[in-house]
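Visitor: Got a structure for you, written out below as structure tokens; questions coming shortly.
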Amino acid sequence: MESALKPFRVLAYVVGVMLLILCVAMVLRYGFGNAELSKITAPIHGGFYMIYLIAVMNLGMKARWTWPYMLGIMLGGTVPFLSFYVERKVTQRVQNTSATAEA
């Protein structure tokens with residue numbers, strides 16, 4: 001389970017940062033008529049989000065999470081700042097589960 005946690009954590013941060021950049025790009029696009037940044041950022045965020053979904057599935061299957069819980073974690077990459085919170089909670093849950101299993 002620990003081997004699946006690290007890619008999840010990295011991707012949660014990457015997706016979170018890219019989503020924040022995408023939000024700025026959208027403000028520039030629709031507020032100021034400058035679409036350049038959003039044309040670059042949107043596909044990059046989308047690609048990283050797809051990889052994030054795979055990382056969540058990988059970790060969720062190894063941790064034996066329920067489907068509703070996994071879907072909630074997957075949605076963490078769609079709301080600004082939520083992926084950072086979700087990453088912290090998931091990391092704590094996995095580490096607590098690992099500590100309990102070792103004891």
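Residue numbers start at 1 in each chain; chains themselves are named A, B, ... in the order of the structure tokens; ligands are numbered from 1 in the order shown.
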Can you tell me, as a list in words, what residues are no more than 10 Å from Ala42 of chain A when counting only C-alpha atoms, ignoring any on the same chain fewer than 6 positions away?

Guide: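 Answer for this query is Met18, Leu19, Ile21, Leu22, Cys23, Ala25 and Met26 of chain A.
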
Visitor: With all heavy atoms retained, export the selected residues as a CSV table (one decimal), in the first residue's frame.

Guide:
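again28.csv was written with the following content:
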```csv
chain,number,residue,atom,x,y,z
A,18,MET,N,-1.8,22.5,-10.8
A,18,MET,CA,-2.3,22.8,-12.2
A,18,MET,C,-3.7,23.3,-12.2
A,18,MET,O,-4.0,24.2,-13.0
A,18,MET,CB,-2.2,21.5,-13.0
A,18,MET,CG,-0.8,21.1,-13.4
A,18,MET,SD,0.2,22.3,-14.2
A,18,MET,CE,-0.8,22.6,-15.7
A,19,LEU,N,-4.5,22.9,-11.3
A,19,LEU,CA,-5.9,23.4,-11.2
A,19,LEU,C,-5.9,24.9,-10.8
A,19,LEU,O,-6.7,25.7,-11.3
A,19,LEU,CB,-6.7,22.6,-10.2
A,19,LEU,CG,-8.2,23.0,-10.1
A,19,LEU,CD1,-8.9,22.9,-11.5
A,19,LEU,CD2,-8.9,22.0,-9.2
A,21,ILE,N,-3.5,27.0,-11.4
A,21,ILE,CA,-3.0,27.7,-12.6
A,21,ILE,C,-4.1,27.8,-13.6
A,21,ILE,O,-4.3,28.9,-14.3
A,21,ILE,CB,-1.7,27.1,-13.2
A,21,ILE,CG1,-0.6,27.2,-12.2
A,21,ILE,CG2,-1.4,27.7,-14.5
A,21,ILE,CD1,0.6,26.3,-12.6
A,22,LEU,N,-4.9,26.8,-13.8
A,22,LEU,CA,-6.0,26.8,-14.7
A,22,LEU,C,-7.1,27.8,-14.3
A,22,LEU,O,-7.7,28.5,-15.2
A,22,LEU,CB,-6.6,25.4,-14.8
A,22,LEU,CG,-7.8,25.2,-15.8
A,22,LEU,CD1,-7.3,25.6,-17.2
A,22,LEU,CD2,-8.3,23.8,-15.7
A,23,CYS,N,-7.3,27.9,-13.0
A,23,CYS,CA,-8.3,29.0,-12.5
A,23,CYS,C,-7.8,30.4,-12.9
A,23,CYS,O,-8.6,31.2,-13.4
A,23,CYS,CB,-8.5,28.8,-11.0
A,23,CYS,SG,-9.4,27.4,-10.5
A,25,ALA,N,-5.8,31.0,-15.4
A,25,ALA,CA,-6.0,31.1,-16.8
A,25,ALA,C,-7.4,31.4,-17.3
A,25,ALA,O,-7.6,32.1,-18.2
A,25,ALA,CB,-5.5,29.8,-17.4
A,26,MET,N,-8.3,30.8,-16.6
A,26,MET,CA,-9.7,31.1,-16.9
A,26,MET,C,-10.2,32.5,-16.6
A,26,MET,O,-10.9,33.1,-17.4
A,26,MET,CB,-10.7,30.1,-16.2
A,26,MET,CG,-10.6,28.7,-16.7
A,26,MET,SD,-10.9,28.7,-18.5
A,26,MET,CE,-10.7,27.0,-18.9
```

Visitor: Contacts of Val94 of chain A at 9 Å or less, counting only C-alpha atoms, minus same-chain residues fewer than 5 places along, as a list in words?

Guide: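 Surrounding residues, per the criterion: Met1, Glu2, Leu5, Ala63, Lys89 and Ala99 of chain A.
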
Visitor: Using only N, CA and C atoms, please write the residues we just selected to a file, as a short mmCIF file (atom, residue, chain, number, x, y, z; two decimals), in the first residue's frame.

Guide:
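Result file is out26.cif:
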```
data_model
loop_
_atom_site.label_atom_id
_atom_site.label_comp_id
_atom_site.auth_asym_id
_atom_site.auth_seq_id
_atom_site.Cartn_x
_atom_site.Cartn_y
_atom_site.Cartn_z
N MET A 1 0.82 -1.18 0.00
CA MET A 1 0.00 0.00 0.00
C MET A 1 0.87 1.27 0.00
N GLU A 2 1.98 1.23 0.71
CA GLU A 2 2.89 2.38 0.75
C GLU A 2 3.46 2.69 -0.64
N LEU A 5 1.06 4.87 -2.39
CA LEU A 5 0.79 6.15 -1.75
C LEU A 5 1.63 7.28 -2.34
N ALA A 63 -5.82 -0.55 -0.88
CA ALA A 63 -6.29 -0.24 0.47
C ALA A 63 -7.69 -0.80 0.72
N LYS A 89 -5.52 13.91 4.17
CA LYS A 89 -6.42 12.96 4.85
C LYS A 89 -6.15 11.52 4.41
N ALA A 99 0.04 1.24 10.21
CA ALA A 99 0.50 1.10 11.60
C ALA A 99 -0.35 0.06 12.33
#
```

Visitor: Using only C-alpha atoms, which residues sit within 12 Å of Phe48 of chain A once same-chain residues fewer than 3 positions away are excluded, as a list in words?

Guide: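 Here the answer would be Pro7, Phe8, Val10, Leu11, Ala12, Tyr13, Val14, Val15, Gly16, Val17, Met18, Leu19, Thr41, Ala42, Pro43, Ile44, His45, Ile51, Tyr52, Leu53, Ile54, Ala55, Gly77 and Thr78 of chain A.
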
Visitor: For a test of reading the model, state the distance in Å between atom CA of Asn58 of chain A and atom CA of Pro80 of chain A, rounded to one decimal.

Guide: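 Separating atom CA of Asn58 of chain A from atom CA of Pro80 of chain A is a distance of 23.0 Å.
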
Visitor: Looking only at helix (DSSP H, G or I) from DSSP on the backbone, list the matching residues of segment 44-85 of chain A as a ChimeraX atom specification.

Guide: /A:44-63,67-77,82-85

Visitor: Just to be explicit: take each residue in the selection above, keep N, CA, C and O atoms, and write the result as a tab-separated table (two decimals), in the first residue's frame.

Guide:
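Saved as part-v4.tsv:
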```tsv
chain	number	residue	atom	x	y	z
A	44	ILE	N	-2.95	20.15	-20.18
A	44	ILE	CA	-1.96	19.60	-19.25
A	44	ILE	C	-2.64	19.16	-17.97
A	44	ILE	O	-2.39	18.05	-17.47
A	45	HIS	N	-3.52	20.00	-17.44
A	45	HIS	CA	-4.28	19.62	-16.24
A	45	HIS	C	-5.11	18.37	-16.51
A	45	HIS	O	-5.16	17.46	-15.68
A	46	GLY	N	-5.77	18.32	-17.66
A	46	GLY	CA	-6.59	17.16	-18.00
A	46	GLY	C	-5.78	15.88	-18.06
A	46	GLY	O	-6.22	14.83	-17.56
A	47	GLY	N	-4.61	15.95	-18.64
A	47	GLY	CA	-3.75	14.77	-18.70
A	47	GLY	C	-3.28	14.31	-17.34
A	47	GLY	O	-3.34	13.11	-17.01
A	48	PHE	N	-2.85	15.26	-16.50
A	48	PHE	CA	-2.44	14.89	-15.15
A	48	PHE	C	-3.62	14.38	-14.33
A	48	PHE	O	-3.46	13.49	-13.50
A	49	TYR	N	-4.82	14.92	-14.56
A	49	TYR	CA	-5.99	14.46	-13.83
A	49	TYR	C	-6.30	13.01	-14.18
A	49	TYR	O	-6.67	12.22	-13.30
A	50	MET	N	-6.15	12.63	-15.44
A	50	MET	CA	-6.38	11.23	-15.83
A	50	MET	C	-5.39	10.29	-15.12
A	50	MET	O	-5.75	9.22	-14.65
A	51	ILE	N	-4.14	10.72	-15.04
A	51	ILE	CA	-3.13	9.92	-14.34
A	51	ILE	C	-3.45	9.87	-12.85
A	51	ILE	O	-3.29	8.83	-12.20
A	52	TYR	N	-3.94	10.98	-12.29
A	52	TYR	CA	-4.37	11.03	-10.89
A	52	TYR	C	-5.48	10.01	-10.63
A	52	TYR	O	-5.47	9.31	-9.61
A	53	LEU	N	-6.43	9.91	-11.55
A	53	LEU	CA	-7.52	8.94	-11.40
A	53	LEU	C	-6.98	7.51	-11.33
A	53	LEU	O	-7.45	6.70	-10.53
A	54	ILE	N	-6.00	7.23	-12.15
A	54	ILE	CA	-5.38	5.90	-12.15
A	54	ILE	C	-4.66	5.66	-10.81
A	54	ILE	O	-4.75	4.57	-10.24
A	55	ALA	N	-3.97	6.67	-10.31
A	55	ALA	CA	-3.28	6.54	-9.03
A	55	ALA	C	-4.27	6.32	-7.89
A	55	ALA	O	-4.01	5.53	-6.98
A	56	VAL	N	-5.40	7.00	-7.93
A	56	VAL	CA	-6.44	6.79	-6.91
A	56	VAL	C	-6.97	5.36	-6.99
A	56	VAL	O	-7.15	4.69	-5.96
A	57	MET	N	-7.23	4.89	-8.20
A	57	MET	CA	-7.72	3.51	-8.37
A	57	MET	C	-6.70	2.51	-7.84
A	57	MET	O	-7.07	1.56	-7.14
A	58	ASN	N	-5.44	2.72	-8.16
A	58	ASN	CA	-4.38	1.83	-7.70
A	58	ASN	C	-4.32	1.78	-6.18
A	58	ASN	O	-4.33	0.71	-5.57
A	59	LEU	N	-4.29	2.95	-5.56
A	59	LEU	CA	-4.24	3.01	-4.10
A	59	LEU	C	-5.52	2.48	-3.48
A	59	LEU	O	-5.48	1.73	-2.50
A	60	GLY	N	-6.65	2.84	-4.05
A	60	GLY	CA	-7.93	2.39	-3.52
A	60	GLY	C	-8.11	0.88	-3.56
A	60	GLY	O	-8.65	0.28	-2.63
A	61	MET	N	-7.65	0.27	-4.62
A	61	MET	CA	-7.75	-1.20	-4.72
A	61	MET	C	-6.83	-1.88	-3.71
A	61	MET	O	-7.21	-2.86	-3.08
A	62	LYS	N	-5.63	-1.34	-3.54
A	62	LYS	CA	-4.71	-1.92	-2.56
A	62	LYS	C	-5.18	-1.71	-1.13
A	62	LYS	O	-4.99	-2.57	-0.27
A	63	ALA	N	-5.82	-0.55	-0.88
A	63	ALA	CA	-6.29	-0.24	0.47
A	63	ALA	C	-7.69	-0.80	0.72
A	63	ALA	O	-8.20	-0.68	1.84
A	67	TRP	N	-16.21	1.99	-3.21
A	67	TRP	CA	-16.32	2.80	-4.43
A	67	TRP	C	-16.75	4.23	-4.13
A	67	TRP	O	-16.19	5.17	-4.72
A	68	PRO	N	-17.73	4.44	-3.25
A	68	PRO	CA	-18.09	5.85	-2.96
A	68	PRO	C	-16.92	6.65	-2.38
A	68	PRO	O	-16.74	7.82	-2.73
A	69	TYR	N	-16.11	6.02	-1.53
A	69	TYR	CA	-14.96	6.72	-0.98
A	69	TYR	C	-13.95	7.06	-2.08
A	69	TYR	O	-13.43	8.17	-2.14
A	70	MET	N	-13.70	6.09	-2.97
A	70	MET	CA	-12.77	6.33	-4.07
A	70	MET	C	-13.26	7.45	-4.98
A	70	MET	O	-12.48	8.30	-5.41
A	71	LEU	N	-14.55	7.47	-5.25
A	71	LEU	CA	-15.10	8.53	-6.10
A	71	LEU	C	-14.95	9.89	-5.44
A	71	LEU	O	-14.66	10.89	-6.11
A	72	GLY	N	-15.11	9.95	-4.14
A	72	GLY	CA	-14.90	11.19	-3.42
A	72	GLY	C	-13.47	11.68	-3.53
A	72	GLY	O	-13.21	12.88	-3.72
A	73	ILE	N	-12.53	10.75	-3.42
A	73	ILE	CA	-11.11	11.10	-3.56
A	73	ILE	C	-10.83	11.56	-4.99
A	73	ILE	O	-10.09	12.53	-5.20
A	74	MET	N	-11.44	10.92	-5.96
A	74	MET	CA	-11.25	11.31	-7.36
A	74	MET	C	-11.74	12.73	-7.61
A	74	MET	O	-11.13	13.48	-8.37
A	75	LEU	N	-12.82	13.11	-6.97
A	75	LEU	CA	-13.36	14.46	-7.15
A	75	LEU	C	-12.47	15.52	-6.52
A	75	LEU	O	-12.64	16.71	-6.79
A	76	GLY	N	-11.52	15.10	-5.70
A	76	GLY	CA	-10.59	16.05	-5.08
A	76	GLY	C	-9.78	16.83	-6.08
A	76	GLY	O	-9.31	17.93	-5.77
A	77	GLY	N	-9.61	16.33	-7.27
A	77	GLY	CA	-8.83	17.02	-8.29
A	77	GLY	C	-9.64	17.98	-9.13
A	77	GLY	O	-9.13	18.54	-10.10
A	82	LEU	N	-8.89	21.55	-2.89
A	82	LEU	CA	-9.40	20.33	-2.28
A	82	LEU	C	-8.41	19.17	-2.39
A	82	LEU	O	-8.32	18.35	-1.48
A	83	SER	N	-7.64	19.12	-3.46
A	83	SER	CA	-6.70	18.00	-3.61
A	83	SER	C	-5.63	18.01	-2.52
A	83	SER	O	-5.16	16.96	-2.10
A	84	PHE	N	-5.26	19.20	-2.04
A	84	PHE	CA	-4.27	19.28	-0.97
A	84	PHE	C	-4.84	18.71	0.34
A	84	PHE	O	-4.17	17.98	1.06
A	85	TYR	N	-6.09	19.04	0.62
A	85	TYR	CA	-6.77	18.53	1.82
A	85	TYR	C	-6.97	17.02	1.72
A	85	TYR	O	-6.69	16.28	2.67
```

Visitor: What does the structure give for the distance between atom CA of Thr100 of chain A and atom CA of Arg88 of chain A, in Å to one decimal?

Guide: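 It comes out at 18.3 Å.
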
Visitor: Please measure the separation of atom CA of Phe81 of chain A and atom CA of Val24 of chain A, giving the value in Å to one decimal.

Guide: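 We find that atom CA of Phe81 of chain A and atom CA of Val24 of chain A lie 13.3 Å from each other.
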